[in-house]
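Pasting input-v3.cif here (mmCIF, C-alpha atoms):
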```cif
data_coords
loop_
_atom_site.label_atom_id
_atom_site.label_comp_id
_atom_site.auth_asym_id
_atom_site.auth_seq_id
_atom_site.Cartn_x
_atom_site.Cartn_y
_atom_site.Cartn_z
CA MET A 33 92.39 219.19 81.13
CA LYS A 34 89.56 218.08 83.42
CA ASN A 35 86.98 219.57 81.03
CA LYS A 36 87.78 216.92 78.39
CA LYS A 37 86.34 214.01 80.39
CA PRO A 38 82.61 214.56 79.68
CA ILE A 39 83.28 215.34 76.01
CA ILE A 40 85.01 211.99 75.32
CA ALA A 41 82.30 210.03 77.15
CA LEU A 42 79.59 211.78 75.12
CA VAL A 43 81.30 210.94 71.83
CA ALA A 44 81.39 207.25 72.77
CA LEU A 45 77.69 207.31 73.64
CA VAL A 46 76.67 208.93 70.35
CA ALA A 47 78.80 206.45 68.34
CA VAL A 48 77.08 203.47 69.92
CA GLY A 49 73.70 205.10 69.36
CA LEU A 50 74.41 205.48 65.65
CA VAL A 51 75.34 201.82 65.32
CA GLY A 52 72.05 200.87 66.98
CA ALA A 53 70.02 203.06 64.64
CA THR A 54 71.21 201.24 61.50
CA ILE A 55 69.65 197.97 62.70
CA ALA A 56 65.91 197.61 62.58
CA TYR A 57 64.31 194.85 64.55
CA PHE A 58 61.33 192.70 64.14
CA THR A 59 59.43 193.41 67.28
CA SER A 60 57.10 190.49 66.96
CA GLU A 61 57.00 187.21 65.10
CA VAL A 62 54.50 184.43 64.55
CA THR A 63 55.16 181.02 62.99
CA LEU A 64 52.74 178.92 60.97
CA ASP A 65 53.47 175.27 60.31
CA ASN A 66 52.73 173.54 57.02
CA VAL A 67 52.59 169.81 56.58
CA PHE A 68 52.79 167.97 53.28
CA THR A 69 52.24 164.23 53.43
CA THR A 70 52.32 161.92 50.45
CA ALA A 71 49.94 159.06 50.05
CA THR A 72 51.44 155.61 49.83
CA TYR A 73 50.66 153.75 46.66
CA LYS A 74 51.49 150.11 47.21
CA THR A 75 49.80 146.86 46.29
CA LYS A 76 50.66 143.21 46.74
CA THR A 77 49.48 140.31 44.62
CA THR A 78 49.62 136.81 46.04
CA GLU A 79 49.41 133.70 43.94
CA THR A 80 48.59 130.32 45.41
CA PHE A 81 49.79 127.64 43.04
CA SER A 82 51.77 124.42 43.22
CA SER A 83 53.33 123.55 39.92
CA PRO A 84 52.67 119.83 39.18
CA THR A 85 55.68 117.86 38.02
CA ASP A 86 53.67 115.19 36.31
CA TRP A 87 50.41 116.69 35.22
CA LEU A 88 48.05 113.99 34.04
CA PRO A 89 44.91 114.43 31.93
CA GLY A 90 41.83 114.97 34.04
CA THR A 91 43.82 116.53 36.85
CA THR A 92 42.88 119.92 38.25
CA THR A 93 45.53 122.14 39.75
CA PRO A 94 44.38 124.90 42.14
CA LYS A 95 45.53 128.42 41.37
CA THR A 96 44.25 131.60 43.00
CA VAL A 97 45.35 135.19 42.69
CA VAL A 98 44.45 137.88 45.23
CA THR A 99 45.53 141.51 45.26
CA GLU A 100 45.74 143.61 48.43
CA ASN A 101 46.04 147.35 48.85
CA GLU A 102 48.96 148.09 51.17
CA GLY A 103 48.83 151.82 50.60
CA THR A 104 46.81 154.72 51.92
CA ILE A 105 44.76 155.57 48.84
CA PRO A 106 42.07 153.59 47.03
CA VAL A 107 43.17 151.62 43.99
CA VAL A 108 41.42 149.66 41.27
CA VAL A 109 42.57 146.35 39.83
CA ARG A 110 42.41 144.56 36.53
CA ALA A 111 44.02 141.36 35.32
CA SER A 112 44.76 139.67 32.05
CA LEU A 113 46.02 136.18 31.32
CA SER A 114 47.89 134.33 28.66
CA GLU A 115 48.69 130.64 28.13
CA ASN A 116 51.75 129.07 26.69
CA TRP A 117 52.87 125.53 25.93
CA LYS A 118 56.44 124.59 25.25
CA ASP A 119 57.36 121.21 23.84
CA GLU A 120 60.05 118.92 25.20
CA ASN A 121 62.64 120.87 23.21
CA ASN A 122 61.51 124.08 24.93
CA GLN A 123 60.02 125.40 21.72
CA ASP A 124 56.75 127.31 21.70
CA VAL A 125 53.81 125.31 20.51
CA ASN A 126 51.35 127.02 18.21
CA ILE A 127 48.43 128.25 20.30
CA SER A 128 45.81 126.69 18.02
CA ASP A 129 47.27 123.28 18.77
CA TYR A 130 46.73 123.34 22.49
CA ARG A 131 43.66 125.55 22.90
CA ASP A 132 41.54 122.64 24.01
CA TYR A 133 44.11 120.95 26.21
CA THR A 134 43.32 122.98 29.29
CA THR A 135 40.35 124.56 30.98
CA ILE A 136 40.76 127.63 33.14
CA ASN A 137 38.21 127.50 35.93
CA PHE A 138 37.16 131.05 36.69
CA ALA A 139 35.58 132.21 39.92
CA ASN A 140 33.69 135.30 41.02
CA ILE A 141 32.84 136.46 37.52
CA GLY A 142 29.76 138.67 37.46
CA THR A 143 28.46 142.11 38.24
CA GLY A 144 28.48 141.94 42.03
CA THR A 145 30.73 144.25 44.02
CA ASN A 146 33.11 141.45 44.94
CA GLN A 147 33.20 140.02 41.45
CA TRP A 148 35.10 140.57 38.25
CA THR A 149 33.81 141.79 34.90
CA LYS A 150 35.49 140.87 31.64
CA VAL A 151 35.80 143.72 29.18
CA GLY A 152 37.98 143.12 26.16
CA ASP A 153 41.12 141.28 27.24
CA TYR A 154 40.85 142.38 30.87
CA TYR A 155 39.08 141.20 33.98
CA TYR A 156 38.18 144.25 36.10
CA PHE A 157 37.47 143.93 39.80
CA ASN A 158 34.14 145.66 40.28
CA ARG A 159 35.04 147.92 43.18
CA GLN A 160 37.91 149.98 44.49
CA LEU A 161 40.26 148.54 47.08
CA ALA A 162 40.11 150.79 50.12
CA ALA A 163 43.24 151.81 52.03
CA LYS A 164 45.12 149.17 53.97
CA GLY A 165 43.37 148.05 57.13
CA SER A 166 39.88 148.36 55.71
CA SER A 167 37.68 145.30 55.35
CA THR A 168 37.53 146.04 51.62
CA ASP A 169 41.27 146.37 50.98
CA SER A 170 41.60 143.18 48.90
CA THR A 171 40.09 141.45 45.90
CA THR A 172 38.56 138.07 45.59
CA THR A 173 40.25 135.69 43.17
CA PHE A 174 38.94 135.52 39.60
CA ILE A 175 40.47 132.14 38.92
CA GLU A 176 40.44 129.06 41.08
CA SER A 177 42.12 126.27 39.12
CA VAL A 178 43.36 124.92 35.81
CA THR A 179 42.43 121.48 34.50
CA LEU A 180 44.33 119.44 32.00
CA ASN A 181 41.42 118.09 30.04
CA ALA A 182 40.69 114.40 30.41
CA ASP A 183 40.24 113.84 26.71
CA VAL A 184 43.70 115.03 25.82
CA ALA A 185 45.30 112.33 23.74
CA THR A 186 48.46 110.98 25.22
CA SER A 187 51.02 108.54 24.03
CA GLN A 188 53.71 106.61 25.79
CA SER A 189 57.21 105.99 24.58
CA CYS A 190 59.62 103.66 26.34
CA THR A 191 63.31 102.99 26.15
CA GLU A 192 64.90 99.77 27.37
CA ASN A 193 68.44 99.21 28.61
CA GLY A 194 69.69 95.64 28.96
CA THR A 195 67.76 92.41 28.63
CA LEU A 196 65.01 91.36 30.97
CA GLY A 197 66.27 88.58 33.24
CA GLN A 198 69.94 89.10 32.40
CA GLY A 199 71.80 91.49 34.68
CA THR A 200 70.68 95.03 34.96
CA TYR A 201 67.60 95.89 32.98
CA THR A 202 65.85 99.26 32.96
CA LYS A 203 62.83 100.44 31.06
CA THR A 204 61.99 104.13 31.09
CA CYS A 205 58.60 105.24 29.79
CA THR A 206 57.43 108.82 29.21
CA THR A 207 53.83 109.81 28.78
CA GLY A 208 53.48 112.83 26.55
CA ILE A 209 50.65 114.82 25.07
CA ASP A 210 50.21 114.18 21.40
CA GLY A 211 51.75 116.98 19.41
CA ILE A 212 53.64 118.37 22.38
CA GLY A 213 55.34 115.48 24.03
CA LYS A 214 56.54 116.11 27.56
CA GLY A 215 55.68 119.75 27.47
CA THR A 216 55.41 122.58 29.90
CA TYR A 217 52.27 124.62 30.36
CA THR A 218 52.53 128.18 31.62
CA LEU A 219 49.61 130.34 32.61
CA THR A 220 50.68 133.94 33.07
CA ILE A 221 48.40 136.29 34.97
CA THR A 222 49.23 139.96 34.79
CA VAL A 223 47.66 142.10 37.50
CA GLU A 224 47.63 145.87 37.10
CA THR A 225 46.62 148.45 39.68
CA VAL A 226 46.18 152.18 39.48
CA GLN A 227 45.11 154.85 41.96
CA ALA A 228 41.33 154.97 41.73
CA ASP A 229 40.92 158.65 40.86
CA LYS A 230 43.32 158.38 37.89
CA CYS A 231 41.79 155.17 36.57
CA ALA A 232 39.89 156.65 33.64
CA GLN A 233 43.02 158.41 32.39
CA ALA A 234 45.27 155.39 32.79
CA TRP A 235 42.94 152.72 31.44
CA THR A 236 41.09 153.72 28.33
CA GLY A 237 38.23 151.36 27.65
CA ALA A 238 37.68 150.51 31.30
CA PRO A 239 34.01 150.28 32.32
CA THR A 240 32.77 153.62 33.66
CA SER A 241 31.20 151.87 36.64
CA ILE A 242 34.74 151.12 37.82
CA CYS A 243 36.60 154.08 36.31
CA PRO A 244 34.13 156.97 36.12
CA THR A 245 35.18 159.80 33.85
CA ASN A 246 35.23 163.14 35.65
CA MET B 93 -0.94 181.98 41.37
CA LYS B 94 1.24 185.00 41.94
CA LYS B 95 0.76 184.71 45.70
CA ILE B 96 1.77 181.08 45.62
CA PHE B 97 4.88 181.92 43.66
CA ILE B 98 5.82 184.69 46.09
CA ALA B 99 5.20 182.43 49.07
CA LEU B 100 7.28 179.68 47.56
CA PHE B 101 10.11 182.05 46.67
CA ALA B 102 10.10 183.52 50.18
CA SER B 103 10.28 180.10 51.75
CA ILE B 104 13.29 179.22 49.62
CA ILE B 105 15.11 182.37 50.71
CA ILE B 106 14.39 181.69 54.37
CA ALA B 107 15.36 178.06 54.07
CA THR B 108 18.70 178.78 52.41
CA PRO B 109 21.33 178.74 55.14
CA VAL B 110 24.17 181.23 55.00
CA PHE B 111 27.53 180.12 56.26
CA ALA B 112 30.28 182.59 56.98
CA GLU B 113 33.54 180.98 55.94
CA ALA B 114 36.08 180.95 58.74
CA LYS B 115 39.58 181.86 57.59
CA ASN B 116 43.03 181.53 59.03
CA LYS B 117 44.27 184.92 60.07
CA VAL B 118 47.61 186.52 60.88
CA TYR B 119 46.89 189.77 62.65
CA VAL B 120 48.51 192.57 64.59
CA TYR B 121 46.65 192.99 67.84
CA GLU B 122 45.63 196.51 68.79
CA LYS B 123 46.29 196.07 72.48
CA ASP B 124 49.96 195.07 72.49
CA GLU B 125 50.95 195.72 68.85
CA LYS B 126 52.21 192.18 68.40
CA VAL B 127 51.50 189.73 65.63
CA TYR B 128 49.40 186.61 66.28
CA TYR B 129 47.93 183.72 64.35
CA ASP B 130 44.33 182.60 64.57
CA SER B 131 44.20 179.09 63.10
CA LYS B 132 40.99 177.54 61.92
CA LEU B 133 42.67 174.16 61.76
CA PHE B 134 44.43 173.28 64.99
CA ASP B 135 47.50 174.48 66.84
CA ASP B 136 49.55 176.79 64.69
CA ARG B 137 49.06 174.98 61.41
CA PHE B 138 48.09 176.61 58.15
CA MET B 139 48.47 174.27 55.16
CA VAL B 140 47.97 170.62 56.02
CA HIS B 141 47.80 168.41 52.96
CA GLU B 142 47.74 164.73 53.75
CA ASN B 143 47.61 161.75 51.46
CA MET B 144 48.76 163.79 48.48
CA VAL B 145 48.96 161.97 45.19
CA PRO B 146 50.80 163.23 42.12
CA GLY B 147 48.57 165.60 40.18
CA ASP B 148 46.73 166.91 43.23
CA SER B 149 46.09 170.65 43.52
CA PHE B 150 45.16 172.65 46.59
CA SER B 151 44.20 176.22 47.40
CA ASP B 152 44.50 177.80 50.86
CA GLU B 153 43.69 181.28 52.04
CA LEU B 154 45.13 183.37 54.81
CA VAL B 155 44.03 186.82 55.90
CA VAL B 156 46.83 189.14 57.00
CA GLU B 157 45.40 192.03 59.00
CA ASN B 158 46.70 195.07 60.80
CA GLY B 159 44.20 195.37 63.62
CA THR B 160 45.79 198.51 65.04
CA SER B 161 45.23 202.21 64.48
CA TYR B 162 48.81 202.64 63.24
CA GLU B 163 50.79 201.75 60.14
CA HIS B 164 52.77 198.53 60.29
CA ASP B 165 55.21 196.80 57.98
CA ILE B 166 54.86 193.04 57.78
CA TYR B 167 57.47 190.65 56.41
CA PHE B 168 57.26 187.02 55.44
CA LYS B 169 59.80 184.20 55.31
CA ILE B 170 59.80 180.43 54.64
CA GLU B 171 61.99 178.06 56.58
CA LEU B 172 62.37 174.33 56.09
CA ASP B 173 62.06 172.10 59.11
CA GLU B 174 65.49 170.80 60.10
CA ALA B 175 63.93 167.45 61.00
CA ASN B 176 62.86 166.81 57.40
CA THR B 177 64.46 163.70 55.94
CA ALA B 178 66.39 163.95 52.68
CA SER B 179 63.49 162.45 50.75
CA ALA B 180 61.09 164.86 52.45
CA GLN B 181 63.28 167.75 51.32
CA ASP B 182 63.18 166.31 47.80
CA LEU B 183 59.41 166.06 48.03
CA LEU B 184 59.22 169.84 48.45
CA ASP B 185 60.86 170.19 45.04
CA TYR B 186 57.84 168.48 43.57
CA ILE B 187 55.34 170.85 45.15
CA GLY B 188 54.82 173.94 43.05
CA MET B 189 53.52 176.97 44.91
CA LYS B 190 52.04 180.28 43.86
CA ILE B 191 51.27 183.00 46.38
CA TYR B 192 48.91 185.82 45.57
CA ILE B 193 48.36 188.93 47.66
CA ASN B 194 44.89 190.32 46.91
CA GLY B 195 45.06 188.52 43.58
CA ASN B 196 48.50 189.81 42.62
CA LEU B 197 51.21 187.20 42.17
CA LEU B 198 53.90 187.54 44.83
CA TYR B 199 55.70 184.24 44.36
CA ASP B 200 55.82 181.50 41.76
CA GLY B 201 58.17 178.67 42.67
CA LYS B 202 58.51 175.64 44.86
CA ALA B 203 57.20 175.03 48.37
CA LYS B 204 60.81 175.32 49.52
CA GLY B 205 60.57 179.07 49.08
CA LYS B 206 63.17 179.39 46.34
CA ASP B 207 61.72 181.05 43.30
CA TYR B 208 62.69 179.47 40.01
CA SER B 209 60.74 181.90 37.85
CA SER B 210 61.83 185.23 36.45
CA LYS B 211 60.35 187.11 39.39
CA GLY B 212 63.28 186.05 41.54
CA VAL B 213 61.54 186.29 44.90
CA ASP B 214 63.45 184.25 47.48
CA LEU B 215 61.20 183.52 50.43
CA THR B 216 63.98 181.86 52.39
CA ASP B 217 65.05 185.43 53.07
CA ALA B 218 62.41 187.66 54.61
CA VAL B 219 60.44 189.58 52.00
CA PHE B 220 58.38 192.68 52.51
CA ILE B 221 54.67 192.01 52.07
CA LYS B 222 53.53 195.60 52.36
CA ARG B 223 53.04 198.55 54.65
CA PHE B 224 49.64 198.04 56.18
CA ALA B 225 47.52 201.08 56.86
CA ALA B 226 45.51 201.17 60.07
CA HIS B 227 43.00 198.30 60.11
CA GLU B 228 43.98 197.21 56.62
CA SER B 229 43.84 193.55 55.65
CA VAL B 230 44.85 191.54 52.62
CA THR B 231 44.06 188.03 51.49
CA MET B 232 46.96 185.72 50.81
CA ARG B 233 45.97 182.86 48.51
CA VAL B 234 48.32 179.91 48.21
CA ASP B 235 47.90 177.52 45.29
CA THR B 236 49.93 174.33 45.50
CA HIS B 237 50.30 171.54 42.98
CA PHE B 238 51.90 168.15 43.48
CA ASP B 239 53.91 167.34 40.37
CA GLU B 240 52.76 164.38 38.27
CA ASP B 241 56.42 163.40 37.77
CA TYR B 242 56.90 162.46 41.41
CA GLU B 243 57.91 158.80 41.37
CA ASP B 244 58.69 157.88 44.96
CA ILE B 245 55.11 156.72 45.36
CA GLU B 246 55.76 153.79 47.66
CA ASN B 247 57.48 155.97 50.22
CA HIS B 248 55.34 157.72 52.79
CA ASP B 249 56.99 161.12 53.12
CA ILE B 250 56.17 163.94 55.48
CA ALA B 251 57.68 167.37 54.88
CA HIS B 252 57.29 170.37 57.16
CA THR B 253 57.84 174.02 56.34
CA HIS B 254 57.47 176.98 58.63
CA TRP B 255 56.12 180.33 57.59
CA HIS B 256 57.27 183.26 59.66
CA PHE B 257 55.49 186.58 59.74
CA TYR B 258 57.46 189.46 61.21
CA LEU B 259 56.34 192.84 62.39
CA SER B 260 58.94 195.56 61.99
CA ASP B 261 59.56 198.06 64.78
CA GLN B 262 59.66 200.92 62.34
CA PRO B 263 58.03 201.68 58.99
CA GLY B 264 60.09 200.91 55.93
CA LYS B 265 62.44 198.07 55.13
CA PRO B 266 65.13 197.72 57.76
CA ASP B 267 68.80 197.70 56.79
CA GLU B 268 69.29 194.44 58.57
CA ILE B 269 66.74 191.82 59.48
CA VAL B 270 67.12 190.61 63.03
CA PRO B 271 64.36 188.26 64.05
CA ASN B 272 63.38 188.93 67.62
CA THR B 273 63.92 185.89 69.79
CA ASN B 274 62.02 187.17 72.77
CA ASP B 275 58.87 189.21 72.35
CA ASP B 276 59.19 190.75 75.80
CA PHE B 277 62.73 191.95 75.27
CA SER B 278 62.79 195.28 73.50
CA PRO B 279 65.60 195.81 70.95
CA TRP B 280 66.26 199.22 72.50
CA TYR B 281 67.73 197.37 75.49
CA PHE B 282 70.60 196.35 73.25
CA VAL B 283 71.28 199.98 72.39
CA ILE B 284 71.03 201.08 76.02
CA PHE B 285 73.27 198.29 77.30
CA GLY B 286 75.72 198.90 74.47
CA ALA B 287 75.81 202.60 75.18
CA CYS B 288 76.36 202.06 78.90
CA GLY B 289 79.14 199.61 78.17
CA ALA B 290 80.79 201.98 75.75
CA VAL B 291 80.60 204.81 78.27
CA LEU B 292 82.13 202.58 80.93
CA ILE B 293 84.98 201.52 78.62
CA ALA B 294 85.55 205.14 77.58
CA VAL B 295 85.73 206.23 81.22
CA VAL B 296 88.14 203.42 82.15
CA VAL B 297 90.40 204.13 79.16
CA PHE B 298 90.27 207.81 79.91
CA GLU B 299 91.23 207.18 83.54
CA ILE B 300 94.17 204.94 82.50
CA VAL B 301 95.43 207.58 80.08
CA GLN B 302 95.07 210.23 82.75
CA LYS B 303 97.00 208.13 85.29
CA LYS B 304 99.84 207.61 82.81
CA LYS B 305 99.94 211.33 82.13
CA ASP B 306 99.93 212.07 85.89
CA LYS B 307 102.86 209.64 86.41
CA LYS B 308 104.86 211.37 83.69
CA LYS B 309 104.26 214.66 85.45
#
```
Could you render the structure from this file as C-alpha cells?
Amino acid sequence: MKNKKPIIALVALVAVGLVGATIAYFTSEVTLDNVFTTATYKTKTTETFSSPTDWLPGTTTPKTVVTENEGTIPVVVRASLSENWKDENNQDVNISDYRDYTTINFANIGTGTNQWTKVGDYYYFNRQLAAKGSSTDSTTTFIESVTLNADVATSQSCTENGTLGQGTYTKTCTTGIDGIGKGTYTLTITVETVQADKCAQAWTGAPTSICPTN
Amino acid sequence: MKKIFIALFASIIIATPVFAEAKNKVYVYEKDEKVYYDSKLFDDRFMVHENMVPGDSFSDELVVENGTSYEHDIYFKIELDEANTASAQDLLDYIGMKIYINGNLLYDGKAKGKDYSSKGVDLTDAVFIKRFAAHESVTMRVDTHFDEDYEDIENHDIAHTHWHFYLSDQPGKPDEIVPNTNDDFSPWYFVIFGACGAVLIAVVVFEIVQKKKDKKK
C-alpha cells in the first residue's frame, strides 16, 4: 500500500506538464503606435452690410465680404455675384430694366497677391489662404459698396385722407423708382472655397496661377 | 576635350552626395533574444499621418529582422486604441491599408485590421508573418489611402492604432496565443508552479484517503 504514494504523485505531475505543453507563449512583444489625424477644412465668410430701409438715389451703401480659413489646410477662394430687383408686388423685375440703376464698387481687383482676378463669372482671390493663425489666413474684400445711381428717375405718389384744416388730415407720399416702384434690391454674393491641392479638379477653368494642374 | 569631359564627369560623381535611408526596424536582439523596435520617428511610433485630407495616399516601410543566430517565428497583430472616440473609430473605416511583405500582399483591408477582401486575413487576431532564419530580414511596406468619400471634414479627428509584434517561444504556430505580459517572467514558471501545486494537492488528497482507510481499519 505504501508503494502507491509516489506513483499517484508522478501521474499528477505528468498531467500538469502535458497541459502546459499545449500552450505556446510569446516570449517577447513590442508595440508600435500609429497616429492618423485628419485635417480640418473649415472656412468662415463675414459680410458687413446694413440694409437701407429708404435707399435714395445717389446714396452709397457699404458692403464688404471677407473669407477666413478656420481650418488646418490651405484653401483657395472664389466668389460670384448676382443682382435682383423686386417690385412693390414682390415680383422679379427684368434684369435689363434695372442694369443701370446701381453701381457695384469693387475693391482690390488686380493681379497682386492680395487682390482678386475676374475670370468668367468668378472673382478668384490670387493666393491660397494659409491655415488658421497665419497672417495670410484671410482674404481682402473684393467689393466695398453699392451705389443707387443718382440719375435714377424717381416719381412720387401721394394719398390723402381727410381735408386739410378740417379734423384729421393725413397725406402719405411714396417715392419709387420709375418702372419698379418701391422695390427691393438684392445683391447676392456666393463665396466658394476648396482645399488648395484639389482646386484644379474642383474648379475647371480656374486660372492656373491659383489652381495649378499637377 | 576628352580630359575636360573626364574631369567634369569625375567632379559630378564626387559632388553627388549619397544618403543612406534610415528605416524603422523591428528586430530580435541577439543578446537576449527579445524583440525591440528602433524608431526613426520618435518614441515608439511608426505611421504618423497628420493633417490628412480625403484622397491622400501614404507609403511607410518597416524592416523586420531576426538579428540572432537562431530561427524565430514572428507574429503580428493590430489593436485599436480604447481611447479612440466613436468618430475616430469611424475614421479608420475610411483608411484603406495594404501590407506587403517583401512585395507580396499580406493584407488588403482597412486600417482597423479587419480584412474585407477575399484574402480574409484578420489582423485583430495575431497572424503569423513567417519563420525567420538566422539573421534574416524582410521589408514590410504599408500603403494607406484616405478615402475621398470621407465627409466629416470639419471635425478634427485623431485615431490611434497599435501594432504588436510577438516573438514565439518555439518554432511553429502555437495552439494558443498568450501574449506575454512581463518579459522577465518565463512562461515555464507557470508550468512549474502548476506542477508543484498539483503535486501538493495530490499528496493532500492521498493523505486524506489514507487516513479514512486507516480509520476504517
Practice problem: Kindly provide, as a ChimeraX atom specification, the polymer residues lying within 10 Å of (37.7, 141.2, 30.9), counting all atoms listed in the file and using the coordinates exactly as they appear in the file. | Solution: /A:110-113,141,148-157,238-239
Practice problem: Would you work out the distance separating atom CA of A:Gly90 from atom CA of A:Thr134, expressed in Å to one decimal? | Solution: 9.4 Å
Check which residues satisfy the PyMOL selection byres ((chain B and resi 227-244) around 7) in the file shown, then give them as a PDB file with C-alpha atoms, in the coordinates of the input.
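To be explicit, this is the file written out as result_26.pdb:
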```pdb
ATOM      1  CA  PRO B 146      50.800 163.230  42.120  1.00  0.00           C
ATOM      2  CA  GLY B 147      48.570 165.600  40.180  1.00  0.00           C
ATOM      3  CA  ASP B 148      46.730 166.910  43.230  1.00  0.00           C
ATOM      4  CA  SER B 149      46.090 170.650  43.520  1.00  0.00           C
ATOM      5  CA  PHE B 150      45.160 172.650  46.590  1.00  0.00           C
ATOM      6  CA  SER B 151      44.200 176.220  47.400  1.00  0.00           C
ATOM      7  CA  ASP B 152      44.500 177.800  50.860  1.00  0.00           C
ATOM      8  CA  GLU B 153      43.690 181.280  52.040  1.00  0.00           C
ATOM      9  CA  LEU B 154      45.130 183.370  54.810  1.00  0.00           C
ATOM     10  CA  VAL B 155      44.030 186.820  55.900  1.00  0.00           C
ATOM     11  CA  VAL B 156      46.830 189.140  57.000  1.00  0.00           C
ATOM     12  CA  GLU B 157      45.400 192.030  59.000  1.00  0.00           C
ATOM     13  CA  ASN B 158      46.700 195.070  60.800  1.00  0.00           C
ATOM     14  CA  GLY B 159      44.200 195.370  63.620  1.00  0.00           C
ATOM     15  CA  THR B 160      45.790 198.510  65.040  1.00  0.00           C
ATOM     16  CA  SER B 161      45.230 202.210  64.480  1.00  0.00           C
ATOM     17  CA  TYR B 186      57.840 168.480  43.570  1.00  0.00           C
ATOM     18  CA  ILE B 187      55.340 170.850  45.150  1.00  0.00           C
ATOM     19  CA  GLY B 188      54.820 173.940  43.050  1.00  0.00           C
ATOM     20  CA  MET B 189      53.520 176.970  44.910  1.00  0.00           C
ATOM     21  CA  LYS B 190      52.040 180.280  43.860  1.00  0.00           C
ATOM     22  CA  ILE B 191      51.270 183.000  46.380  1.00  0.00           C
ATOM     23  CA  TYR B 192      48.910 185.820  45.570  1.00  0.00           C
ATOM     24  CA  ILE B 193      48.360 188.930  47.660  1.00  0.00           C
ATOM     25  CA  ASN B 194      44.890 190.320  46.910  1.00  0.00           C
ATOM     26  CA  PHE B 224      49.640 198.040  56.180  1.00  0.00           C
ATOM     27  CA  ALA B 225      47.520 201.080  56.860  1.00  0.00           C
ATOM     28  CA  ALA B 226      45.510 201.170  60.070  1.00  0.00           C
ATOM     29  CA  ILE B 245      55.110 156.720  45.360  1.00  0.00           C
ATOM     30  CA  GLU B 246      55.760 153.790  47.660  1.00  0.00           C
ATOM     31  CA  ASN B 247      57.480 155.970  50.220  1.00  0.00           C
TER      32      ASN B 247
END
```
So which residues touch stretch 61-65 of chain A within 8 Å, counting only C-alpha atoms, skipping near sequence neighbours fewer than 6 positions away, as a short mmCIF file (atom, residue, chain, number, x, y, z; two decimals) with C-alpha atoms, in the frame of the given file?
```
data_model
loop_
_atom_site.label_atom_id
_atom_site.label_comp_id
_atom_site.auth_asym_id
_atom_site.auth_seq_id
_atom_site.Cartn_x
_atom_site.Cartn_y
_atom_site.Cartn_z
CA LYS B 126 52.21 192.18 68.40
CA VAL B 127 51.50 189.73 65.63
CA TYR B 128 49.40 186.61 66.28
CA TYR B 129 47.93 183.72 64.35
CA ASP B 136 49.55 176.79 64.69
CA ARG B 137 49.06 174.98 61.41
CA PHE B 138 48.09 176.61 58.15
CA MET B 139 48.47 174.27 55.16
CA HIS B 252 57.29 170.37 57.16
CA THR B 253 57.84 174.02 56.34
CA HIS B 254 57.47 176.98 58.63
CA TRP B 255 56.12 180.33 57.59
CA HIS B 256 57.27 183.26 59.66
CA PHE B 257 55.49 186.58 59.74
CA TYR B 258 57.46 189.46 61.21
CA LEU B 259 56.34 192.84 62.39
CA PRO B 271 64.36 188.26 64.05
CA ASN B 272 63.38 188.93 67.62
CA ASP B 275 58.87 189.21 72.35
#
```
Quiz item: Selected by the PyMOL selection byres ((chain A and resi 243) around 9) in the shown coordinates: which residues, as a list in words?
Solution: Val108, Ala228, Asp229, Lys230, Cys231, Ala232, Gln233, Trp235, Ala238, Pro239, Thr240, Ser241, Ile242, Pro244 and Thr245 of chain A
Take the residues from that selection and write them out as a CSV table (one decimal), keeping the file's coordinate frame, keeping C-alpha atoms.
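For reference, selection_15.csv as written:
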```
chain,number,residue,atom,x,y,z
A,108,VAL,CA,41.4,149.7,41.3
A,228,ALA,CA,41.3,155.0,41.7
A,229,ASP,CA,40.9,158.6,40.9
A,230,LYS,CA,43.3,158.4,37.9
A,231,CYS,CA,41.8,155.2,36.6
A,232,ALA,CA,39.9,156.6,33.6
A,233,GLN,CA,43.0,158.4,32.4
A,235,TRP,CA,42.9,152.7,31.4
A,238,ALA,CA,37.7,150.5,31.3
A,239,PRO,CA,34.0,150.3,32.3
A,240,THR,CA,32.8,153.6,33.7
A,241,SER,CA,31.2,151.9,36.6
A,242,ILE,CA,34.7,151.1,37.8
A,244,PRO,CA,34.1,157.0,36.1
A,245,THR,CA,35.2,159.8,33.8
```
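If you measure from each of A:Asp86, A:Glu102, A:Glu120, A:Glu79 to chain B using all atoms listed in the file, the closest one turns out to be A:Glu102.
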Practice problem: Could you please determine the separation between atom CA of B:Asp135 and atom CA of A:Gly165 in Å, to one decimal place? | Solution: 28.5 Å
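Note that atom CA of A:Ser83 and atom CA of A:Glu224 are 23.2 Å apart.
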Would you save stretch 206-228 of chain A from the block above with C-alpha atoms, as a PDB file, in the first residue's frame?
```
ATOM      1  CA  THR A 206     -44.049 107.251 -51.536  1.00  0.00           C
ATOM      2  CA  THR A 207     -41.016 107.825 -53.682  1.00  0.00           C
ATOM      3  CA  GLY A 208     -40.457 104.987 -56.090  1.00  0.00           C
ATOM      4  CA  ILE A 209     -38.070 104.214 -58.901  1.00  0.00           C
ATOM      5  CA  ASP A 210     -39.676 104.510 -62.274  1.00  0.00           C
ATOM      6  CA  GLY A 211     -40.578 101.089 -63.575  1.00  0.00           C
ATOM      7  CA  ILE A 212     -40.101  99.421 -60.212  1.00  0.00           C
ATOM      8  CA  GLY A 213     -41.908 101.499 -57.700  1.00  0.00           C
ATOM      9  CA  LYS A 214     -40.961 100.878 -54.092  1.00  0.00           C
ATOM     10  CA  GLY A 215     -38.767  97.958 -54.918  1.00  0.00           C
ATOM     11  CA  THR A 216     -36.225  95.841 -53.165  1.00  0.00           C
ATOM     12  CA  TYR A 217     -32.696  95.399 -54.408  1.00  0.00           C
ATOM     13  CA  THR A 218     -30.788  92.252 -53.515  1.00  0.00           C
ATOM     14  CA  LEU A 219     -27.129  91.677 -54.206  1.00  0.00           C
ATOM     15  CA  THR A 220     -26.203  88.048 -53.639  1.00  0.00           C
ATOM     16  CA  ILE A 221     -22.545  87.142 -53.251  1.00  0.00           C
ATOM     17  CA  THR A 222     -21.697  83.477 -53.363  1.00  0.00           C
ATOM     18  CA  VAL A 223     -18.316  82.567 -51.907  1.00  0.00           C
ATOM     19  CA  GLU A 224     -16.843  79.145 -52.632  1.00  0.00           C
ATOM     20  CA  THR A 225     -13.772  77.585 -51.067  1.00  0.00           C
ATOM     21  CA  VAL A 226     -11.908  74.395 -51.801  1.00  0.00           C
ATOM     22  CA  GLN A 227      -8.792  72.764 -50.371  1.00  0.00           C
ATOM     23  CA  ALA A 228      -5.908  74.222 -52.339  1.00  0.00           C
TER      24      ALA A 228
END
```
